[in-house]
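First up is the structure itself, then whatever we jot down about it.
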Amino acid sequence: MFVPTADQIERPGKSLETGTSFESRLVQKIKKQCNDLATYQGVFVATPNGLLLAGSHEAVHDPRKVEQHMRQGLEKWAKLSAAERLLSEAEFADALAELGAVEGKSQYPQDGLVLSSFCRDLPRSAKPGNSPSRNAYNQDYAWFRKAEARAFLPVQPIQGTTHQVPRDVVERLARFHFVDLVRGHTASYPQQAVERAELSSEVIEVKGNLVSLRFQGRTRTSEVHDGVHIEGKWNAPGPGISEIQERGVDARLEGQAVYDLKTEKFVFFDLIALSSRWGGNAYNGRLNELDFGPAPMGIVLELAGNSAAEQVPPLYFRYYGWK
Amino acid sequence: MNEFVSGNIATVLLLAASIGLGADQDQPPQTLQLSAEHAKCRELVLPNPSEQSYRKIPWRASVLHGIVDAQKSDKPVMIVLMNGHPLGCT
């Protein structure tokens, strides 16, 4: 009935809000037909040529409203002629050309390592009213190029060998993936905030092409407000906000993986970060409840699939420094 | 945290199934059951099937991809737009 599509308004090299690409112009056209709200966030049902059939900026979190929009959109769609709903041949050629160019620039590490990352608050002490919501969790992806993925194990994987994963690889986890995103976005950590970034892999067994590894490690990031207010990173002064704000994540790492030397890819990966996080701001939802910790947070990293939906770039990909 | 306990059959079976063992590898590689704390954390953090049900939908991950496919199949496109990717970190 529909082609289901999800997208991010702003990402490196792309701004649907202000861009001039075919895709951006089409989104802007759809949005203008919706209403005058500043936000582009929302759910929209549209024709391929950008005619808005139904939609709203408010419906995102209400499945019944989304359903209404979908039904309304289908009713309108049924009344349109091909000329009214479809792109012209020339427009479609433009769209195809742009899609080809975008896909050609993708930095998705097809031959590397792509991990799904999930984070959620962990149970706290038994104090009444001190339990985190079980409903809040977030998901992201962590990308590693082929050589970076290979660096998770020793050059010569011999049973019993212990290998230190290179610091830059572990720092990527600490700065961009061991971040309190449970309830929403906050800033990633600058390199100077990384106090510890240690991960060792021990070769447990080598069987044919398969190398079994055990991971253990520790990362710690810590930042103190330096007097400069950054929206989405620090809170404006106010009741319940301490004068000197701090934020950080202290994570104990444990996991296991299996690497296939023949295909040069991981076939299994399971890394857990048992963390204590502190700090918070309005965007990551900690301000509302003055929930600045320290409080336990769990992060699980495991192999991602390769569907289109699982090739979404990591939230902080722009800071990876990949050329 | 450092204490590992004996093997976990379920993990091994899952692993064996996922890697498609060849004739020269008729036994799965050794895997470990990690600490109880690790297992509990994993269980608490990973989304349950209900939370992940939206993942069964064949989403296109960009508006452009959605529009192109909608044109090809002569269907309307349903677009979810967010700050942060709705299929990633929102």
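Note on naming: chains are A, B, ... as they come in the structure tokens, residues start from 1 per chain, ligands start from 1 in the order shown.
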
Test item: chain B residues at most 7 Å from chain A, counting only C-alpha atoms, as JSON, numbers by chain
{"B": [15, 19, 24, 25, 29, 30, 31, 38, 41, 42, 45, 46, 58, 59, 60, 61, 62, 63, 64, 65, 66, 67, 68, 69, 70, 71, 75, 76, 77, 78, 79, 80, 81, 82, 83, 84, 85, 86, 87, 88, 89, 90]}

File of the preceding selection, N, CA and C atoms, as a short mmCIF file (atom, residue, chain, number, x, y, z; two decimals), in the first residue's frame:
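Result written to result.cif:
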data_model
loop_
_atom_site.label_atom_id
_atom_site.label_comp_id
_atom_site.auth_asym_id
_atom_site.auth_seq_id
_atom_site.Cartn_x
_atom_site.Cartn_y
_atom_site.Cartn_z
N LEU B 15 25.26 -19.71 17.66
CA LEU B 15 26.48 -19.35 16.96
C LEU B 15 26.72 -20.31 15.80
N ILE B 19 26.89 -19.20 11.71
CA ILE B 19 28.11 -19.13 10.92
C ILE B 19 28.21 -20.22 9.88
N ASP B 24 35.13 -28.97 7.38
CA ASP B 24 36.34 -29.05 8.18
C ASP B 24 36.14 -28.45 9.58
N GLN B 25 34.93 -28.02 9.83
CA GLN B 25 34.66 -27.40 11.14
C GLN B 25 33.35 -27.96 11.68
N PRO B 29 33.14 -23.34 17.33
CA PRO B 29 34.25 -22.89 18.15
C PRO B 29 33.79 -22.70 19.59
N GLN B 30 34.74 -22.73 20.46
CA GLN B 30 34.41 -22.59 21.88
C GLN B 30 33.84 -21.20 22.14
N THR B 31 32.77 -21.16 22.87
CA THR B 31 32.24 -19.87 23.30
C THR B 31 32.11 -19.90 24.80
N HIS B 38 26.76 -9.92 33.32
CA HIS B 38 26.76 -9.68 31.88
C HIS B 38 25.45 -10.18 31.27
N CYS B 41 22.51 -8.04 32.31
CA CYS B 41 22.54 -6.74 31.63
C CYS B 41 22.03 -6.89 30.20
N ARG B 42 22.50 -7.93 29.54
CA ARG B 42 22.09 -8.18 28.16
C ARG B 42 20.57 -8.35 28.07
N VAL B 45 18.81 -4.95 28.72
CA VAL B 45 19.03 -3.86 27.77
C VAL B 45 18.43 -4.12 26.40
N LEU B 46 18.61 -5.34 25.89
CA LEU B 46 18.17 -5.58 24.51
C LEU B 46 16.65 -5.44 24.38
N PRO B 58 9.64 -3.06 5.85
CA PRO B 58 10.78 -2.88 4.93
C PRO B 58 11.09 -1.40 4.67
N TRP B 59 11.59 -0.73 5.69
CA TRP B 59 11.86 0.70 5.60
C TRP B 59 12.91 1.02 4.54
N ARG B 60 12.70 2.12 3.85
CA ARG B 60 13.78 2.75 3.09
C ARG B 60 14.38 3.77 4.05
N ALA B 61 15.69 3.88 4.03
CA ALA B 61 16.35 4.70 5.04
C ALA B 61 16.62 6.13 4.58
N SER B 62 16.11 6.51 3.40
CA SER B 62 16.20 7.91 2.98
C SER B 62 14.95 8.27 2.18
N VAL B 63 14.59 9.54 2.24
CA VAL B 63 13.42 10.01 1.48
C VAL B 63 13.62 9.73 0.00
N LEU B 64 14.84 9.97 -0.47
CA LEU B 64 15.11 9.79 -1.89
C LEU B 64 14.87 8.34 -2.32
N HIS B 65 15.37 7.43 -1.54
CA HIS B 65 15.17 6.01 -1.84
C HIS B 65 13.67 5.67 -1.83
N GLY B 66 12.95 6.23 -0.86
CA GLY B 66 11.52 5.99 -0.77
C GLY B 66 10.76 6.53 -1.97
N ILE B 67 11.13 7.72 -2.39
CA ILE B 67 10.45 8.36 -3.52
C ILE B 67 10.70 7.56 -4.81
N VAL B 68 11.92 7.15 -4.99
CA VAL B 68 12.26 6.37 -6.20
C VAL B 68 11.47 5.07 -6.22
N ASP B 69 11.43 4.39 -5.09
CA ASP B 69 10.68 3.12 -5.04
C ASP B 69 9.17 3.35 -5.18
N ALA B 70 8.70 4.45 -4.63
CA ALA B 70 7.26 4.76 -4.75
C ALA B 70 6.89 5.03 -6.21
N GLN B 71 7.76 5.74 -6.90
CA GLN B 71 7.51 6.01 -8.32
C GLN B 71 7.51 4.70 -9.11
N LYS B 75 3.04 3.79 -5.87
CA LYS B 75 2.41 3.78 -4.54
C LYS B 75 2.72 5.09 -3.83
N PRO B 76 1.90 5.44 -2.87
CA PRO B 76 2.26 6.61 -2.05
C PRO B 76 3.42 6.27 -1.12
N VAL B 77 4.11 7.29 -0.70
CA VAL B 77 5.24 7.10 0.22
C VAL B 77 4.83 7.60 1.60
N MET B 78 5.13 6.84 2.60
CA MET B 78 4.91 7.30 3.98
C MET B 78 6.27 7.66 4.57
N ILE B 79 6.40 8.91 4.97
CA ILE B 79 7.71 9.41 5.41
C ILE B 79 7.66 9.75 6.89
N VAL B 80 8.58 9.19 7.65
CA VAL B 80 8.77 9.58 9.05
C VAL B 80 10.06 10.37 9.12
N LEU B 81 9.95 11.62 9.53
CA LEU B 81 11.13 12.49 9.62
C LEU B 81 11.40 12.87 11.07
N MET B 82 12.64 12.76 11.48
CA MET B 82 12.99 13.11 12.85
C MET B 82 14.36 13.79 12.89
N ASN B 83 14.62 14.48 14.01
CA ASN B 83 15.99 14.89 14.30
C ASN B 83 16.67 13.65 14.87
N GLY B 84 17.66 13.15 14.22
CA GLY B 84 18.17 11.82 14.57
C GLY B 84 17.41 10.83 13.70
N HIS B 85 18.09 9.81 13.24
CA HIS B 85 17.42 8.90 12.30
C HIS B 85 16.43 8.00 13.04
N PRO B 86 15.17 7.95 12.57
CA PRO B 86 14.17 7.11 13.26
C PRO B 86 14.57 5.63 13.31
N LEU B 87 15.43 5.20 12.40
CA LEU B 87 15.86 3.80 12.42
C LEU B 87 17.19 3.64 13.15
N GLY B 88 17.72 4.75 13.60
CA GLY B 88 18.97 4.70 14.35
C GLY B 88 18.76 5.35 15.70
N CYS B 89 19.55 6.36 15.98
CA CYS B 89 19.46 7.01 17.28
C CYS B 89 18.60 8.26 17.17
N THR B 90 17.47 8.28 17.86
CA THR B 90 16.57 9.44 17.78
C THR B 90 16.62 10.25 19.07
#

Please run DSSP on the backbone and report, as a PyMOL selection string, all residues within range 55-240 of chain A that come out as alpha helix (DSSP H).
chain A and resi 63-78+82-85+89-105+146-150+167-172

Would you pick out the contacts of range 194-203 of chain A at 7 Å or less, using only C-alpha atoms, so that residues sharing its chain but fewer than 3 positions from it are not included, and give the list as JSON, numbers by chain?
{"A": [152, 153, 157, 158, 159, 160, 161, 162, 163, 164, 165, 167, 170, 171, 174, 191, 211, 212, 213, 214, 215, 216, 217, 218, 219, 220, 221, 222]}

Give me, as JSON, numbers by chain, all polymer residues having an atom no more than 12 Å from Lys323 in chain A, counting only C-alpha atoms and skipping those fewer than 2 positions away in the same chain.
{"A": [105, 106, 107, 145, 317, 318, 319, 320, 321]}

Would you write out those residues with all heavy atoms, as a short mmCIF file (atom, residue, chain, number, x, y, z; two decimals), in the first residue's frame?
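Resulting contents of out-v4.cif:
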data_model
loop_
_atom_site.label_atom_id
_atom_site.label_comp_id
_atom_site.auth_asym_id
_atom_site.auth_seq_id
_atom_site.Cartn_x
_atom_site.Cartn_y
_atom_site.Cartn_z
N LYS A 105 28.64 7.55 -2.74
CA LYS A 105 29.44 8.22 -1.70
C LYS A 105 29.32 7.54 -0.33
O LYS A 105 29.96 7.98 0.62
CB LYS A 105 28.96 9.67 -1.54
CG LYS A 105 29.37 10.59 -2.67
CD LYS A 105 28.89 12.00 -2.32
CE LYS A 105 28.86 12.89 -3.54
NZ LYS A 105 28.08 14.11 -3.31
N SER A 106 28.50 6.53 -0.24
CA SER A 106 28.26 5.90 1.06
C SER A 106 29.57 5.37 1.65
O SER A 106 30.39 4.78 0.95
CB SER A 106 27.28 4.74 0.91
OG SER A 106 27.24 3.98 2.10
N GLN A 107 29.75 5.58 2.94
CA GLN A 107 30.95 5.09 3.61
C GLN A 107 30.65 3.86 4.47
O GLN A 107 31.46 3.46 5.31
CB GLN A 107 31.56 6.21 4.45
CG GLN A 107 32.14 7.32 3.58
CD GLN A 107 32.85 8.37 4.40
OE1 GLN A 107 32.22 9.16 5.08
NE2 GLN A 107 34.17 8.38 4.35
N ARG A 145 36.08 0.10 9.89
CA ARG A 145 36.58 -0.34 8.60
C ARG A 145 37.27 -1.70 8.76
O ARG A 145 37.58 -2.13 9.88
CB ARG A 145 37.54 0.70 8.03
CG ARG A 145 36.79 1.91 7.49
CD ARG A 145 37.74 2.98 7.04
NE ARG A 145 37.08 3.95 6.17
CZ ARG A 145 37.54 5.17 5.94
NH1 ARG A 145 38.66 5.57 6.51
NH2 ARG A 145 36.90 5.98 5.15
N PHE A 317 28.72 9.96 13.41
CA PHE A 317 29.62 9.56 12.32
C PHE A 317 30.46 10.73 11.81
O PHE A 317 31.61 10.56 11.42
CB PHE A 317 28.81 8.94 11.17
CG PHE A 317 29.67 8.48 10.03
CD1 PHE A 317 30.60 7.48 10.21
CD2 PHE A 317 29.56 9.07 8.78
CE1 PHE A 317 31.41 7.05 9.16
CE2 PHE A 317 30.36 8.65 7.73
CZ PHE A 317 31.28 7.65 7.92
N ARG A 318 29.88 11.91 11.85
CA ARG A 318 30.60 13.08 11.32
C ARG A 318 31.91 13.32 12.06
O ARG A 318 32.81 13.97 11.56
CB ARG A 318 29.72 14.34 11.37
CG ARG A 318 29.49 14.89 12.77
CD ARG A 318 28.49 16.03 12.75
NE ARG A 318 27.16 15.53 12.40
CZ ARG A 318 26.13 16.32 12.08
NH1 ARG A 318 26.29 17.61 12.02
NH2 ARG A 318 24.96 15.79 11.81
N TYR A 319 32.00 12.80 13.30
CA TYR A 319 33.23 13.00 14.08
C TYR A 319 34.21 11.83 13.97
O TYR A 319 35.25 11.84 14.61
CB TYR A 319 32.88 13.25 15.56
CG TYR A 319 31.94 14.41 15.75
CD1 TYR A 319 30.70 14.24 16.36
CD2 TYR A 319 32.27 15.69 15.30
CE1 TYR A 319 29.82 15.30 16.52
CE2 TYR A 319 31.40 16.75 15.46
CZ TYR A 319 30.18 16.55 16.07
OH TYR A 319 29.31 17.60 16.22
N TYR A 320 33.86 10.82 13.20
CA TYR A 320 34.78 9.68 13.04
C TYR A 320 36.07 10.11 12.35
O TYR A 320 37.10 9.47 12.52
CB TYR A 320 34.12 8.59 12.18
CG TYR A 320 33.29 7.56 12.91
CD1 TYR A 320 32.62 7.85 14.10
CD2 TYR A 320 33.13 6.28 12.39
CE1 TYR A 320 31.85 6.90 14.74
CE2 TYR A 320 32.35 5.32 13.01
CZ TYR A 320 31.71 5.63 14.19
OH TYR A 320 30.95 4.68 14.81
N GLY A 321 35.96 11.12 11.51
CA GLY A 321 37.15 11.57 10.80
C GLY A 321 37.48 10.74 9.57
O GLY A 321 38.59 10.81 9.05
#
